[in-house]
Every structure is written in structure tokens, then in C-alpha cells.
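The structure appears below as C-alpha cells.
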Amino acid sequence: MYNGQVINPAYAGMWEKIGFTALVRKQWAGINRSPLTESVSFHSPLKNDAVGVGLNIMNDKFGLENRLSVLADYAYEVYLSRKIRLRMGVKFGFVNYKNPLTQYELYPDNQYDRAFDEDVDLKFLPNFGIGFFLYQENFYVGVAAPKLIENDLKENFHNYSTSAEVRTLYLNGGYVMPIDPFNYLVFKPTILVRATWGSPLQADVAANFMIREKLWMGVMWRTGSAVCVTGNWMFSNNLRVGFAMDVTINEINPYQNGTFEFTLGYDIDFFGRSYLRSRYF
């Protein structure tokens, strides 16, 4: 919601300053070795304002499984009219995948299983993706497939198999509606739809309010899965701190203590430019 570049390469460099965003997300807190995501993103416009570049480093842990993604972004912007712009982007890089199967304690009674007698360690799985981002001052629509190659294990490890990467299509949009003429209160409804091959369609529907151009507060509903509250405080034109918490509403709810996410963003005015428009998305 606050860093569209992670899923859409066309978002990279669309603002006038160099930006960094760090994120930590702990899913299903209280469950041992539940999913943990750590990521750092960088984006920047170039001297040619129509071109933007970016870099995303993401580390995912689930159980003993570990995925490290390093993906670069390139985006180019064209004017469709005096106010409406279209950005087109490509994402490319690689993923390292590890799963130390020999370290798992097998159930029941820790009996030997040939499927777990060899570790999985894949150093370089190339991938690429594409994205489009249409916007003007008060609305945006994006569509992206950040990883088009559906990598899997190169070998059959005694019938053990998993997908190192899953192909997912993202469609998102939002609209900005000032409630008062001074922009002290701004309402922004958003939606994000995820379509993953072989999995049910999932949507996040959110209502967000910006107070005095300093504080975003919102609530989000994820279909069949969770309700989420979000906040993003802008301490200055350059520094942002965000927090989100998911309350799971499906059958896993009694066994975990919620999902928590923290973000930190910082912009650097390297080019000596000021923001030409409000950063509502």
C-alpha cells in the first residue's frame, strides 16, 4: 500500500527524489518458524524525468526454507494527455533458494525418510517481470506480473518437490478524494487483487484517511483471510514510519497472535527538486 514498487516495476522513480524503504513483516506471530519477510527497496528518477530505476532485495523465511530475491527495476513514462501519464516497467534479477531438509525433525518418532536426506541449495534462479501504472493527480491503476518465470527445483530430490517461485498477477487501483478545500482530511479507497495460478483469487479492499498531510490511517479487509489496520506517519517531507496489523479471521486464528508489519522510508533530494504534486500513492 505504501511501496508499490515491490509488486510493480513501473512505479520505480515516479517521484522527484531518491527513495529508500525498509520493511519487516512477521506473519502469524506465536507460531514457531512462521513466515518472516525482510525487504529493502531503492528507487530514483534519472536526469531524464521520464526514466526511473530501482532495486528490491527481499528475504523470505518459512520454516527452515529461505528465499533471497534481488530484482532491479527500469521504468519509462509517457504522457497520454495533459494530466494522465502511463508508466511502463520491467523487473529482472535472480532468486537464491535454500531448504536444509536434513535439519528437520521428522514426525512421528523422528524416523528416517529418504525425501529428507539431502539439502536443497539453488544459488541462481533468474527471473523477470513487467508492469504498467496509469495515473493522474487523484487516481491510479496498476497491473503487474513481477515474476513471470515459475522456477521449480532442477532435480527430483527423492520425490520432494516445491516451487521456488510462483507466478502471480497483481491488479490495484485507488482514488484520492479531498474532504475539505484545505486538504486537512483526504479519503483514499484502494483495492489490490492477486491472481496466482492454481490458487483462489484474493482481494484487499481498504479505506484510508490522510490527516493534515501527515498521518495516514486505514482499515483493510482481505477476502476470506484477515482484517487489517494500517498507519503511516510522515515526520517530514523525507521521513516516513509505518505500521500494520492483521487480525486473521479464518481457522488459524486461535493458534496465532496476529501478523505485524513495520516500514521505514526516507527520501533524499539528490537532484535539488521539490515534489511537484502531493504523494498520495
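Each chain in the C-alpha cells gets a letter, A, B, ..., in the order shown, and its residues are numbered from 1; ligands are numbered from 1 in order too.
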Could you make a table, as CSV, of the residues of stretch 87-189 of chain A that have an atom within 8 Å of an atom of stretch 9-27 of chain A, each with its nearest atom pair and distance in Å to one decimal, counting only C-alpha atoms, in chain and number order?
residue,atom,partner,partner_atom,distance
A:Arg87,CA,A:Ala10,CA,5.4
A:Met88,CA,A:Ala10,CA,4.9
A:Gly89,CA,A:Ala10,CA,3.9
A:Val90,CA,A:Pro9,CA,5.6
A:Lys91,CA,A:Pro9,CA,5.6
A:Gly129,CA,A:Pro9,CA,7.9
A:Ile130,CA,A:Pro9,CA,6.6
A:Gly131,CA,A:Ala10,CA,5.4
A:Phe132,CA,A:Ala10,CA,5.5
A:Phe133,CA,A:Ala10,CA,5.8
A:Ala144,CA,A:Pro9,CA,7.8
A:Pro146,CA,A:Pro9,CA,7.3
Just to be explicit: take each residue in the selection above, keep N, CA and C atoms, and write the result as a PDB file, in the first residue's frame.
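Result went into again_28.pdb, see below:
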ATOM      1  N   ARG A  87       3.115   4.773 -17.061  1.00  0.00           N
ATOM      2  CA  ARG A  87       4.461   4.282 -16.816  1.00  0.00           C
ATOM      3  C   ARG A  87       4.523   2.805 -17.179  1.00  0.00           C
ATOM      4  N   MET A  88       5.612   2.405 -17.818  1.00  0.00           N
ATOM      5  CA  MET A  88       5.835   1.017 -18.209  1.00  0.00           C
ATOM      6  C   MET A  88       7.158   0.570 -17.604  1.00  0.00           C
ATOM      7  N   GLY A  89       7.170  -0.629 -17.012  1.00  0.00           N
ATOM      8  CA  GLY A  89       8.371  -1.060 -16.318  1.00  0.00           C
ATOM      9  C   GLY A  89       8.697  -2.519 -16.538  1.00  0.00           C
ATOM     10  N   VAL A  90       9.980  -2.828 -16.356  1.00  0.00           N
ATOM     11  CA  VAL A  90      10.446  -4.214 -16.385  1.00  0.00           C
ATOM     12  C   VAL A  90      11.230  -4.473 -15.101  1.00  0.00           C
ATOM     13  N   LYS A  91      11.132  -5.711 -14.625  1.00  0.00           N
ATOM     14  CA  LYS A  91      11.832  -6.132 -13.413  1.00  0.00           C
ATOM     15  C   LYS A  91      12.655  -7.366 -13.780  1.00  0.00           C
ATOM     16  N   GLY A 129       9.986  -9.658 -14.833  1.00  0.00           N
ATOM     17  CA  GLY A 129       8.568  -9.335 -14.812  1.00  0.00           C
ATOM     18  C   GLY A 129       8.305  -8.017 -15.512  1.00  0.00           C
ATOM     19  N   ILE A 130       7.023  -7.685 -15.660  1.00  0.00           N
ATOM     20  CA  ILE A 130       6.619  -6.449 -16.325  1.00  0.00           C
ATOM     21  C   ILE A 130       5.506  -5.790 -15.514  1.00  0.00           C
ATOM     22  N   GLY A 131       5.302  -4.491 -15.751  1.00  0.00           N
ATOM     23  CA  GLY A 131       4.231  -3.781 -15.071  1.00  0.00           C
ATOM     24  C   GLY A 131       3.851  -2.508 -15.800  1.00  0.00           C
ATOM     25  N   PHE A 132       2.620  -2.057 -15.570  1.00  0.00           N
ATOM     26  CA  PHE A 132       2.102  -0.811 -16.136  1.00  0.00           C
ATOM     27  C   PHE A 132       1.395  -0.047 -15.021  1.00  0.00           C
ATOM     28  N   PHE A 133       1.544   1.283 -15.051  1.00  0.00           N
ATOM     29  CA  PHE A 133       0.986   2.120 -13.997  1.00  0.00           C
ATOM     30  C   PHE A 133       0.413   3.382 -14.641  1.00  0.00           C
ATOM     31  N   ALA A 144       0.555  -5.730 -12.913  1.00  0.00           N
ATOM     32  CA  ALA A 144       1.941  -6.189 -12.960  1.00  0.00           C
ATOM     33  C   ALA A 144       2.014  -7.689 -12.705  1.00  0.00           C
ATOM     34  N   PRO A 146       5.307  -9.454 -11.470  1.00  0.00           N
ATOM     35  CA  PRO A 146       6.719  -9.193 -11.147  1.00  0.00           C
ATOM     36  C   PRO A 146       7.644 -10.385 -11.366  1.00  0.00           C
TER      37      PRO A 146
END
Within 8 Å of A:Phe209 using only C-alpha atoms, minus same-chain residues under 3 positions, as a list in words: Leu185, Val186, Phe187, Lys188, Trp216, Met217 and Gly218 of chain A
Let me make sure I understand: among A:Leu125, A:Glu77, A:Leu106, A:Gln111, which one has the smallest atom-to-atom distance to A:Gly93 if we use only C-alpha atoms? A:Leu125
Find the residues near stretch 263-265 of chain A: any atom within 10 Å, counting only C-alpha atoms, skip ones fewer than 2 places away on the same chain, and give them as a VMD selection string. chain A and resid 2 to 3 19 to 25 38 to 42 231 to 234 238 to 244 261 267
Return as JSON, numbers by chain the full set of residues in stretch 12-255 of chain A whose backbone-based DSSP assignment is strand (DSSP E or B). {"A": [18, 19, 20, 21, 22, 23, 24, 25, 26, 36, 37, 38, 39, 40, 41, 42, 43, 44, 45, 51, 52, 53, 54, 55, 56, 57, 58, 59, 60, 61, 62, 65, 66, 67, 68, 69, 70, 71, 72, 73, 74, 75, 76, 77, 78, 79, 85, 86, 87, 88, 89, 90, 91, 92, 93, 94, 95, 96, 97, 98, 99, 120, 121, 122, 123, 124, 125, 126, 127, 128, 129, 130, 131, 132, 133, 134, 135, 139, 140, 141, 142, 143, 144, 145, 152, 157, 160, 163, 168, 169, 170, 171, 172, 173, 174, 175, 177, 178, 185, 186, 187, 188, 189, 190, 191, 192, 193, 194, 195, 196, 202, 203, 204, 205, 206, 207, 208, 209, 210, 211, 215, 216, 217, 218, 219, 220, 221, 222, 226, 227, 228, 229, 230, 231, 232, 233, 234, 239, 240, 241, 242, 243, 244, 245, 246, 247, 248]}
Would you list the contacts of A:Ala145 as a ChimeraX atom specification, taking every protein, DNA or RNA residue within 9 Å and counting only C-alpha atoms, but skipping same-chain residues closer than 3 positions in sequence? /A:7-8,128-131,148,167-170
Please write the residues from the selection above to a file, keeping N, CA and C atoms, as a PDB file, in the first residue's frame.
ATOM      1  N   ILE A   7       5.725  -4.706  -6.018  1.00  0.00           N
ATOM      2  CA  ILE A   7       4.988  -5.572  -6.941  1.00  0.00           C
ATOM      3  C   ILE A   7       4.992  -5.054  -8.369  1.00  0.00           C
ATOM      4  N   ASN A   8       5.244  -3.755  -8.572  1.00  0.00           N
ATOM      5  CA  ASN A   8       5.120  -3.173  -9.913  1.00  0.00           C
ATOM      6  C   ASN A   8       6.372  -2.372 -10.269  1.00  0.00           C
ATOM      7  N   PHE A 128      12.197 -12.488 -14.333  1.00  0.00           N
ATOM      8  CA  PHE A 128      11.902 -11.145 -14.815  1.00  0.00           C
ATOM      9  C   PHE A 128      10.400 -10.941 -14.765  1.00  0.00           C
ATOM     10  N   GLY A 129       9.986  -9.658 -14.833  1.00  0.00           N
ATOM     11  CA  GLY A 129       8.568  -9.335 -14.812  1.00  0.00           C
ATOM     12  C   GLY A 129       8.305  -8.017 -15.512  1.00  0.00           C
ATOM     13  N   ILE A 130       7.023  -7.685 -15.660  1.00  0.00           N
ATOM     14  CA  ILE A 130       6.619  -6.449 -16.325  1.00  0.00           C
ATOM     15  C   ILE A 130       5.506  -5.790 -15.514  1.00  0.00           C
ATOM     16  N   GLY A 131       5.302  -4.491 -15.751  1.00  0.00           N
ATOM     17  CA  GLY A 131       4.231  -3.781 -15.071  1.00  0.00           C
ATOM     18  C   GLY A 131       3.851  -2.508 -15.800  1.00  0.00           C
ATOM     19  N   LEU A 148       7.630 -13.645 -13.858  1.00  0.00           N
ATOM     20  CA  LEU A 148       6.954 -14.411 -14.899  1.00  0.00           C
ATOM     21  C   LEU A 148       7.470 -15.838 -15.020  1.00  0.00           C
ATOM     22  N   ARG A 167       4.056 -17.799 -10.075  1.00  0.00           N
ATOM     23  CA  ARG A 167       3.661 -16.704 -10.953  1.00  0.00           C
ATOM     24  C   ARG A 167       2.359 -16.073 -10.451  1.00  0.00           C
ATOM     25  N   THR A 168       2.382 -14.755 -10.177  1.00  0.00           N
ATOM     26  CA  THR A 168       1.229 -14.040  -9.642  1.00  0.00           C
ATOM     27  C   THR A 168       0.991 -12.761 -10.432  1.00  0.00           C
ATOM     28  N   LEU A 169      -0.277 -12.474 -10.724  1.00  0.00           N
ATOM     29  CA  LEU A 169      -0.684 -11.234 -11.401  1.00  0.00           C
ATOM     30  C   LEU A 169      -1.332 -10.317 -10.376  1.00  0.00           C
ATOM     31  N   TYR A 170      -0.895  -9.055 -10.336  1.00  0.00           N
ATOM     32  CA  TYR A 170      -1.432  -8.072  -9.396  1.00  0.00           C
ATOM     33  C   TYR A 170      -2.176  -6.982 -10.177  1.00  0.00           C
TER      34      TYR A 170
END
Could you give me the residues within stretch 64-259 of chain A that DSSP places in helix (DSSP H, G or I), as JSON, numbers by chain? {"A": [101, 102, 103, 114, 115, 116, 253, 254, 255]}
Name the residues in contact with stretch 28-32 of chain A at a cut-off of 9 Å, using only C-alpha atoms, excluding same-chain residues fewer than 2 positions from it; report them as an mmCIF file with C-alpha atoms, in the first residue's frame.
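Output file part_18.cif follows:
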data_model
loop_
_atom_site.group_PDB
_atom_site.id
_atom_site.type_symbol
_atom_site.label_atom_id
_atom_site.label_comp_id
_atom_site.auth_asym_id
_atom_site.auth_seq_id
_atom_site.Cartn_x
_atom_site.Cartn_y
_atom_site.Cartn_z
ATOM 1 C CA LYS A 26 6.041 -11.276 10.760
ATOM 2 C CA SER A 34 6.081 -18.840 10.830
ATOM 3 C CA PRO A 35 6.710 -16.687 7.708
ATOM 4 C CA GLY A 63 10.141 -22.966 8.498
ATOM 5 C CA ASP A 246 -3.580 -8.233 10.502
ATOM 6 C CA THR A 248 -6.815 -13.404 10.996
ATOM 7 C CA ILE A 252 -5.854 -20.474 12.027
ATOM 8 C CA ASN A 253 -6.979 -17.599 14.293
ATOM 9 C CA TYR A 255 -3.318 -20.643 17.132
ATOM 10 C CA GLN A 256 -1.517 -17.341 16.450
ATOM 11 C CA ASN A 257 -1.257 -13.789 17.796
ATOM 12 C CA GLY A 258 -1.664 -11.697 14.656
ATOM 13 C CA THR A 259 0.537 -10.506 11.805
ATOM 14 C CA PHE A 260 2.689 -7.395 12.225
#
Taking only C-alpha atoms into account, name the residue in A:Tyr76, A:Trp221, A:Tyr135, A:Phe124 that is nearest to A:Pro45.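 Of A:Tyr76, A:Trp221, A:Tyr135, A:Phe124, the one nearest A:Pro45 is A:Tyr76, counting only C-alpha atoms.
Closest approach to A:Lys61 among A:Phe235, A:Asn138, A:Lys98, A:Ser44 is made by A:Lys98 (distances from only C-alpha atoms).
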Find the residue from A:Phe182, A:Tyr104, A:Tyr266, A:Tyr175 that sits nearest to A:Ala206; use only C-alpha atoms when measuring.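 Ranking A:Phe182, A:Tyr104, A:Tyr266, A:Tyr175 by distance to A:Ala206, first place goes to A:Tyr175.
For the atom pair formed by atom CA of A:Ala195 and atom CA of A:Lys147, the distance is 12.6 Å, given to one decimal.
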All residues 8 Å or closer to A:Arg222, only C-alpha atoms, same chain fewer than 6 positions away omitted, as a list in words: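 Selected residues are Gln202, Ala203, Asp204, Val205 and Cys228 of chain A.
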Taken to one decimal, the atom CA of A:Val53-atom CA of A:Asn127 distance is 17.2 Å
Just the number, please: distance in Å from atom CA of A:Gly142 to atom CA of A:Gly173, one decimal.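 These two atoms are separated by 6.2 Å.
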Between A:Asn48, A:Thr196, A:Asn96, A:Ser81, which one has atoms that come closest to A:Asn66, using only C-alpha atoms?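 Ranked by minimum distance to A:Asn66, first place goes to A:Asn96.
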Which of these residues is nearest to A:Val141, using only C-alpha atoms: A:Pro254, A:Phe281, A:Arg82, A:Pro126? A:Phe281
